[in-house]
file protein_10.cif (mmCIF, C-alpha atoms)
data_run
loop_
_atom_site.group_PDB
_atom_site.id
_atom_site.type_symbol
_atom_site.label_atom_id
_atom_site.label_comp_id
_atom_site.auth_asym_id
_atom_site.auth_seq_id
_atom_site.Cartn_x
_atom_site.Cartn_y
_atom_site.Cartn_z
ATOM 1 C CA MET A 1 -13.158 -3.759 16.564
ATOM 2 C CA ILE A 2 -15.949 -1.392 15.542
ATOM 3 C CA ASP A 3 -16.269 -0.527 11.840
ATOM 4 C CA TYR A 4 -15.542 3.183 12.292
ATOM 5 C CA GLN A 5 -12.358 2.336 14.202
ATOM 6 C CA ILE A 6 -11.145 0.137 11.345
ATOM 7 C CA LYS A 7 -11.914 2.983 8.932
ATOM 8 C CA LEU A 8 -9.900 5.374 11.088
ATOM 9 C CA PHE A 9 -6.789 3.190 11.005
ATOM 10 C CA ARG A 10 -7.189 2.551 7.283
ATOM 11 C CA ALA A 11 -7.359 6.322 6.816
ATOM 12 C CA ILE A 12 -3.950 6.595 8.495
ATOM 13 C CA ILE A 13 -2.491 4.144 5.991
ATOM 14 C CA ASN A 14 -4.250 5.876 3.093
ATOM 15 C CA GLN A 15 -2.821 9.224 4.230
ATOM 16 C CA ALA A 16 0.671 7.732 4.279
ATOM 17 C CA ILE A 17 0.150 6.420 0.741
ATOM 18 C CA HIS A 18 -1.138 9.834 -0.323
ATOM 19 C CA ASP A 19 1.905 11.532 1.237
ATOM 20 C CA ALA A 20 4.226 9.020 -0.444
ATOM 21 C CA MET A 21 2.758 9.893 -3.864
ATOM 22 C CA TYR A 22 3.553 13.610 -3.584
ATOM 23 C CA ASP A 23 5.599 14.815 -6.554
ATOM 24 C CA GLY A 24 5.757 18.561 -6.005
ATOM 25 C CA VAL A 25 8.589 20.779 -4.854
ATOM 26 C CA TYR A 26 7.293 22.056 -1.506
ATOM 27 C CA LYS A 27 10.021 21.248 1.036
ATOM 28 C CA TYR A 28 7.801 20.122 3.902
ATOM 29 C CA HIS A 29 5.691 17.847 1.693
ATOM 30 C CA ILE A 30 8.890 16.257 0.400
ATOM 31 C CA ILE A 31 9.908 15.576 4.007
ATOM 32 C CA ASP A 32 6.470 14.065 4.641
ATOM 33 C CA LYS A 33 6.871 11.956 1.499
ATOM 34 C CA ARG A 34 10.196 10.534 2.645
ATOM 35 C CA GLU A 35 8.837 9.776 6.104
ATOM 36 C CA ALA A 36 5.723 8.118 4.663
ATOM 37 C CA ILE A 37 7.726 5.885 2.337
ATOM 38 C CA THR A 38 10.058 4.927 5.157
ATOM 39 C CA TRP A 39 7.097 4.107 7.397
ATOM 40 C CA LEU A 40 5.278 2.095 4.722
ATOM 41 C CA VAL A 41 8.296 -0.150 4.066
ATOM 42 C CA SER A 42 9.778 -0.192 7.570
ATOM 43 C CA ASP A 43 7.882 -3.096 9.142
ATOM 44 C CA SER A 44 8.100 -1.131 12.395
ATOM 45 C CA ILE A 45 6.041 -1.944 15.471
ATOM 46 C CA ASP A 46 4.037 1.230 14.820
ATOM 47 C CA PHE A 47 3.248 0.216 11.231
ATOM 48 C CA ARG A 48 2.353 -3.344 12.222
ATOM 49 C CA THR A 49 0.073 -2.084 15.000
ATOM 50 C CA ILE A 50 -1.788 0.334 12.716
ATOM 51 C CA CYS A 51 -2.199 -2.430 10.122
ATOM 52 C CA SER A 52 -3.480 -4.792 12.766
ATOM 53 C CA TYR A 53 -6.071 -2.269 13.919
ATOM 54 C CA ALA A 54 -6.983 -1.629 10.265
ATOM 55 C CA ASP A 55 -7.490 -5.382 9.721
ATOM 56 C CA ILE A 56 -4.720 -5.411 7.107
ATOM 57 C CA ASP A 57 -1.832 -7.871 6.889
ATOM 58 C CA PRO A 58 1.248 -5.652 7.402
ATOM 59 C CA SER A 59 3.591 -7.952 5.462
ATOM 60 C CA GLN A 60 1.279 -7.967 2.474
ATOM 61 C CA ALA A 61 0.765 -4.191 2.679
ATOM 62 C CA THR A 62 4.515 -3.571 2.738
ATOM 63 C CA ARG A 63 5.089 -5.994 -0.133
ATOM 64 C CA LYS A 64 2.334 -4.463 -2.259
ATOM 65 C CA PHE A 65 3.525 -0.927 -1.564
ATOM 66 C CA THR A 66 7.127 -1.836 -2.416
ATOM 67 C CA GLU A 67 6.014 -3.507 -5.653
ATOM 68 C CA ALA A 68 3.929 -0.475 -6.582
ATOM 69 C CA MET A 69 6.862 1.868 -5.925
ATOM 70 C CA LYS A 70 8.999 -0.181 -8.291
ATOM 71 C CA LEU A 71 6.342 -0.128 -10.999
ATOM 72 C CA ASP A 72 4.210 2.962 -10.663
ATOM 73 C CA LEU A 73 3.394 4.585 -7.346
ATOM 74 C CA TYR A 74 0.281 6.144 -8.825
ATOM 75 C CA ALA A 75 -1.228 2.688 -9.305
ATOM 76 C CA LEU A 76 -1.845 2.763 -5.570
ATOM 77 C CA ARG A 77 -4.097 5.774 -5.908
ATOM 78 C CA ASP A 78 -6.141 4.192 -8.667
ATOM 79 C CA ASP A 79 -6.960 1.042 -6.745
ATOM 80 C CA GLN A 80 -6.022 1.221 -3.069
ATOM 81 C CA THR A 81 -8.527 -1.427 -2.059
ATOM 82 C CA LYS A 82 -6.735 -4.095 -4.087
ATOM 83 C CA VAL A 83 -3.333 -2.987 -2.823
ATOM 84 C CA LEU A 84 -4.346 -3.243 0.795
#
call {"tool": "encode", "arguments": {"input": "protein_10.cif", "output": "structure tokens"}}
result
Amino acid sequence: MIDYQIKLFRAIINQAIHDAMYDGVYKYHIIDKREAITWLVSDSIDFRTICSYADIDPSQATRKFTEAMKLDLYALRDDQTKVL
């Protein structure tokens, strides 16, 4: 896969992480947050496909995201490259 395509699919995952970190009160962002968290831990075909295209192991990504949620979700923002 071409480098810019990998970057595109990684951007999708990064956007989901960004949405999952939202801590405001705006109703629609809260909905996005819930959907992002569900998607990131779902192990769905969609999630696995995006991870595959992003050259990321989906099992490891889900595990790391779940661990970060238990500890501190904002740790993902500080060092996303190590998480994924």
call {"tool": "resolve_selection", "arguments": {"input": "protein_10.cif", "expression": "the PyMOL selection byres ((chain A and resi 9-16) around 12)", "output": "MDAnalysis selection string"}}
result
chainID A and resid 1:8 17:22 29 32:41 46:58 61:62 65 76:77 79:81 83:84
call {"tool": "atom_distance", "arguments": {"input": "protein_10.cif", "atom1": "atom CA of A:Ile45", "atom2": "atom CA of A:Asp23"}}
result
27.7 Å
call {"tool": "axis_aligned_box", "arguments": {"input": "protein_10.cif", "around": "stretch 2-20 of chain A", "padding_each_side": "6 Å", "output": "AutoDock Vina command-line options"}}
result
--center_x -6.0 --center_y 5.1 --center_z 7.5 --size_x 32.5 --size_y 24.9 --size_z 28.0
call {"tool": "atom_distance", "arguments": {"input": "protein_10.cif", "atom1": "atom CA of A:Ile30", "atom2": "atom CA of A:Ser42"}}
result
18.0 Å
call {"tool": "build_atoms", "arguments": {"input": "protein_10.cif", "residues": "stretch 15-36 of chain A", "atoms": "N, CA, C and O atoms", "output": "short mmCIF file (atom, residue, chain, number, x, y, z; two decimals), keeping the file's coordinate frame"}}
result
data_model
loop_
_atom_site.label_atom_id
_atom_site.label_comp_id
_atom_site.auth_asym_id
_atom_site.auth_seq_id
_atom_site.Cartn_x
_atom_site.Cartn_y
_atom_site.Cartn_z
N GLN A 15 -3.50 7.93 4.19
CA GLN A 15 -2.82 9.22 4.23
C GLN A 15 -1.32 9.04 3.98
O GLN A 15 -0.70 9.84 3.26
N ALA A 16 -0.75 8.00 4.53
CA ALA A 16 0.67 7.73 4.28
C ALA A 16 0.92 7.44 2.80
O ALA A 16 1.90 7.93 2.22
N ILE A 17 0.03 6.69 2.17
CA ILE A 17 0.15 6.42 0.74
C ILE A 17 0.02 7.72 -0.04
O ILE A 17 0.79 7.99 -0.97
N HIS A 18 -0.95 8.54 0.33
CA HIS A 18 -1.14 9.83 -0.32
C HIS A 18 0.13 10.69 -0.18
O HIS A 18 0.59 11.29 -1.16
N ASP A 19 0.68 10.76 1.01
CA ASP A 19 1.90 11.53 1.24
C ASP A 19 3.06 10.98 0.41
O ASP A 19 3.87 11.74 -0.14
N ALA A 20 3.15 9.66 0.31
CA ALA A 20 4.23 9.02 -0.44
C ALA A 20 4.14 9.30 -1.94
O ALA A 20 5.15 9.25 -2.64
N MET A 21 2.95 9.62 -2.44
CA MET A 21 2.76 9.89 -3.86
C MET A 21 3.05 11.34 -4.25
O MET A 21 3.05 11.67 -5.43
N TYR A 22 3.32 12.19 -3.29
CA TYR A 22 3.55 13.61 -3.58
C TYR A 22 4.71 13.76 -4.57
O TYR A 22 5.76 13.15 -4.42
N ASP A 23 4.52 14.59 -5.58
CA ASP A 23 5.60 14.82 -6.55
C ASP A 23 5.85 16.30 -6.82
O ASP A 23 6.39 16.66 -7.85
N GLY A 24 5.51 17.14 -5.87
CA GLY A 24 5.76 18.56 -6.00
C GLY A 24 7.12 18.96 -5.49
O GLY A 24 8.00 18.12 -5.26
N VAL A 25 7.29 20.25 -5.28
CA VAL A 25 8.59 20.78 -4.85
C VAL A 25 8.56 21.42 -3.48
O VAL A 25 9.58 21.91 -2.99
N TYR A 26 7.41 21.42 -2.81
CA TYR A 26 7.29 22.06 -1.51
C TYR A 26 8.09 21.25 -0.48
O TYR A 26 7.83 20.05 -0.26
N LYS A 27 9.06 21.90 0.15
CA LYS A 27 10.02 21.25 1.04
C LYS A 27 9.38 20.36 2.11
O LYS A 27 9.78 19.21 2.31
N TYR A 28 8.39 20.87 2.79
CA TYR A 28 7.80 20.12 3.90
C TYR A 28 6.99 18.92 3.43
O TYR A 28 6.92 17.90 4.12
N HIS A 29 6.40 19.00 2.25
CA HIS A 29 5.69 17.85 1.69
C HIS A 29 6.69 16.78 1.24
O HIS A 29 6.39 15.58 1.30
N ILE A 30 7.85 17.21 0.78
CA ILE A 30 8.89 16.26 0.40
C ILE A 30 9.38 15.51 1.65
O ILE A 30 9.61 14.30 1.60
N ILE A 31 9.53 16.22 2.75
CA ILE A 31 9.91 15.58 4.01
C ILE A 31 8.85 14.57 4.42
O ILE A 31 9.16 13.43 4.80
N ASP A 32 7.58 14.98 4.32
CA ASP A 32 6.47 14.06 4.64
C ASP A 32 6.50 12.84 3.74
O ASP A 32 6.24 11.71 4.18
N LYS A 33 6.81 13.05 2.46
CA LYS A 33 6.87 11.96 1.50
C LYS A 33 7.93 10.94 1.92
O LYS A 33 7.67 9.74 1.96
N ARG A 34 9.11 11.43 2.24
CA ARG A 34 10.20 10.53 2.64
C ARG A 34 9.84 9.75 3.91
O ARG A 34 10.10 8.55 4.00
N GLU A 35 9.23 10.44 4.86
CA GLU A 35 8.84 9.78 6.10
C GLU A 35 7.75 8.74 5.86
O GLU A 35 7.76 7.66 6.45
N ALA A 36 6.81 9.06 4.98
CA ALA A 36 5.72 8.12 4.66
C ALA A 36 6.26 6.87 3.99
O ALA A 36 5.88 5.75 4.35
#
